[in-house]
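Everything on this sheet refers to the single structure shown next.
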Amino acid sequence: MEKCLLYIKHNLKPLWKAIERCNELALRTLYHRQLAKIERRYRDPVETNNGFRYRLITPDDADMLCALLSKLDKDYVKFFNPHGFTREELRNVLTSKNLLTFGYFHNAALVGYFMLRLFVGKKAFLGYVVDPSCAGRGIGRDMVKILYGIASKLGWGAYATISEQNIASLKLHTHQVVKRLANNYILVKFID
């Protein structure tokens with residue numbers, strides 16, 4: 001099933017949009033209370049142990065997110081492609097109920113972006129990227145820990161598709177390989 005969905009996502013965009021609309025409707029119907037509780041909890045900034053803050057980001061943050069993503073070198077984000085990076089695509093991402101999107105901040109500057117893509121089958125796929133100027137400060141590890149915690153609170157499994165060439169990401173997670181995918185990617189389930 002996952003291989004089929006990934007193929008559709010990357011090759012049949014109109015069909016993927018229809019699947020996302022159906023998934024969003026089902027999420028709103030079946031999990032409205034759970035998701036509203038998470039949204040209320042993370043609407044305001046939360047302090048981290050390393051002096052940063054994080055919070056849900058909204059369409060009002062689209063320009064800031066676009067600025068962060070557009071300054072990243074293509075090689076730096078070659079393994080991070082959960083959605084498009086244009087302002088219009090980001091506004092759609094930030095309004096979608098299929099995603100819980102977060103910003104990681106130092107003072108008022110956005111230095112990290114992380115998200116959970118939610119599917120009705122109680123699967124949450126995570127993704128994250130850190131501004132390279134802040135690399136090596138534990139931000140990626142902290143964002144992953146936060147995402148695991150949220151998926152756990154929801155009672156959902158945490159998953160990702162990761163390139164086998166993305167050694168840093170593979171080392172960051174305790175995971176089990178669920179399936180091997182095309183182009184040296186693997187579907188992994190994260191283990192606490």
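Note on naming: chains are A, B, ... as they come in the structure tokens, residues start from 1 per chain, ligands start from 1 in the order shown.
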
Could you give me, as a tab-separated table, a per-residue list for range 15-112 of chain A showing, wherever an atom lies at most 8 Å from an atom of range 126-131 of chain A, the closest pair of atoms and their distance in Å to one decimal, using only C-alpha atoms and sorting by chain then residue number from low to high?
```
residue	atom	partner	partner_atom	distance
A:Leu68	CA	A:Asp131	CA	7.2
A:Leu72	CA	A:Asp131	CA	7.4
A:Val77	CA	A:Val129	CA	7.7
A:Phe80	CA	A:Val129	CA	7.1
A:Pro82	CA	A:Gly127	CA	7.1
A:Val111	CA	A:Asp131	CA	5.1
A:Gly112	CA	A:Val130	CA	4.3
```

Discussion item. According to DSSP computed on the backbone, where in range 9-166 of chain A is there alpha helix (DSSP H)? Give the residues as a PyMOL selection string.
Written reply: chain A and resi 9-11+13-30+32-42+62-70+87-95+139-154

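Using only C-alpha atoms, the nearest neighbour of Ala108 in chain A within the list A:Tyr54, A:Leu172, A:Leu69, A:Ala158 is A:Tyr54.
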
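In this comparison, which uses only C-alpha atoms, the residue of A:Phe85, A:Phe79, A:Tyr104, A:Phe119 approaching Leu154 in chain A most closely is A:Phe119.
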
Discussion item. So, with only C-alpha atoms as the atoms that count, which of A:His83, A:Lys171, A:Arg21, A:Arg53 lies closest to Lys97 in chain A?
Written reply: A:Arg21

Worksheet item: So how many Å separate CA of Arg55 in chain A and CA of Gln176 in chain A, to one decimal?
Response: 28.8 Å

Residues near Gly157 in chain A, anyone? I mean within 10 Å using only C-alpha atoms, not counting same-chain ones fewer than 3 positions away, as a PDB file with N, CA and C atoms, in the first residue's frame.
```pdb
ATOM      1  N   GLY A 121      -5.361   5.727   9.052  1.00  0.00           N
ATOM      2  CA  GLY A 121      -5.006   4.429   9.628  1.00  0.00           C
ATOM      3  C   GLY A 121      -4.127   4.532  10.862  1.00  0.00           C
ATOM      4  N   LYS A 122      -4.143   5.689  11.529  1.00  0.00           N
ATOM      5  CA  LYS A 122      -3.355   5.946  12.739  1.00  0.00           C
ATOM      6  C   LYS A 122      -1.860   5.801  12.491  1.00  0.00           C
ATOM      7  N   LYS A 123      -1.434   6.326  11.330  1.00  0.00           N
ATOM      8  CA  LYS A 123      -0.017   6.392  11.004  1.00  0.00           C
ATOM      9  C   LYS A 123       0.352   7.861  10.873  1.00  0.00           C
ATOM     10  N   ALA A 124       1.454   8.237  11.496  1.00  0.00           N
ATOM     11  CA  ALA A 124       1.965   9.601  11.425  1.00  0.00           C
ATOM     12  C   ALA A 124       3.373   9.539  10.836  1.00  0.00           C
ATOM     13  N   PHE A 125       3.567  10.210   9.714  1.00  0.00           N
ATOM     14  CA  PHE A 125       4.869  10.235   9.054  1.00  0.00           C
ATOM     15  C   PHE A 125       5.559  11.541   9.404  1.00  0.00           C
ATOM     16  N   TYR A 148       7.832  12.215  18.186  1.00  0.00           N
ATOM     17  CA  TYR A 148       7.522  10.913  18.773  1.00  0.00           C
ATOM     18  C   TYR A 148       6.506  11.069  19.895  1.00  0.00           C
ATOM     19  N   ALA A 151       3.003  11.789  18.470  1.00  0.00           N
ATOM     20  CA  ALA A 151       2.426  10.567  17.883  1.00  0.00           C
ATOM     21  C   ALA A 151       2.004   9.604  18.992  1.00  0.00           C
ATOM     22  N   SER A 152       2.816   9.511  20.029  1.00  0.00           N
ATOM     23  CA  SER A 152       2.498   8.639  21.162  1.00  0.00           C
ATOM     24  C   SER A 152       1.238   9.118  21.888  1.00  0.00           C
ATOM     25  N   LEU A 154      -1.183  10.729  20.612  1.00  0.00           N
ATOM     26  CA  LEU A 154      -2.312  10.409  19.735  1.00  0.00           C
ATOM     27  C   LEU A 154      -2.600   8.903  19.735  1.00  0.00           C
ATOM     28  N   LYS A 189       9.488   2.199  10.736  1.00  0.00           N
ATOM     29  CA  LYS A 189       8.644   2.485  11.878  1.00  0.00           C
ATOM     30  C   LYS A 189       9.578   2.768  13.039  1.00  0.00           C
ATOM     31  N   PHE A 190       9.290   3.851  13.750  1.00  0.00           N
ATOM     32  CA  PHE A 190      10.141   4.248  14.849  1.00  0.00           C
ATOM     33  C   PHE A 190       9.765   3.520  16.119  1.00  0.00           C
ATOM     34  N   ILE A 191      10.781   3.168  16.859  1.00  0.00           N
ATOM     35  CA  ILE A 191      10.612   2.445  18.114  1.00  0.00           C
ATOM     36  C   ILE A 191      11.082   3.364  19.231  1.00  0.00           C
TER      37      ILE A 191
END
```

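Distances from A:Asp142, A:Glu88, A:Asp73, A:Glu20 to Thr48 in chain A were compared using only C-alpha atoms, and the smallest one belongs to A:Asp142.
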
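Proximity ranking of A:Ser163, A:Leu170, A:Leu65, A:Ile186 relative to Lys78 in chain A places A:Ser163 first, based on only C-alpha atoms.
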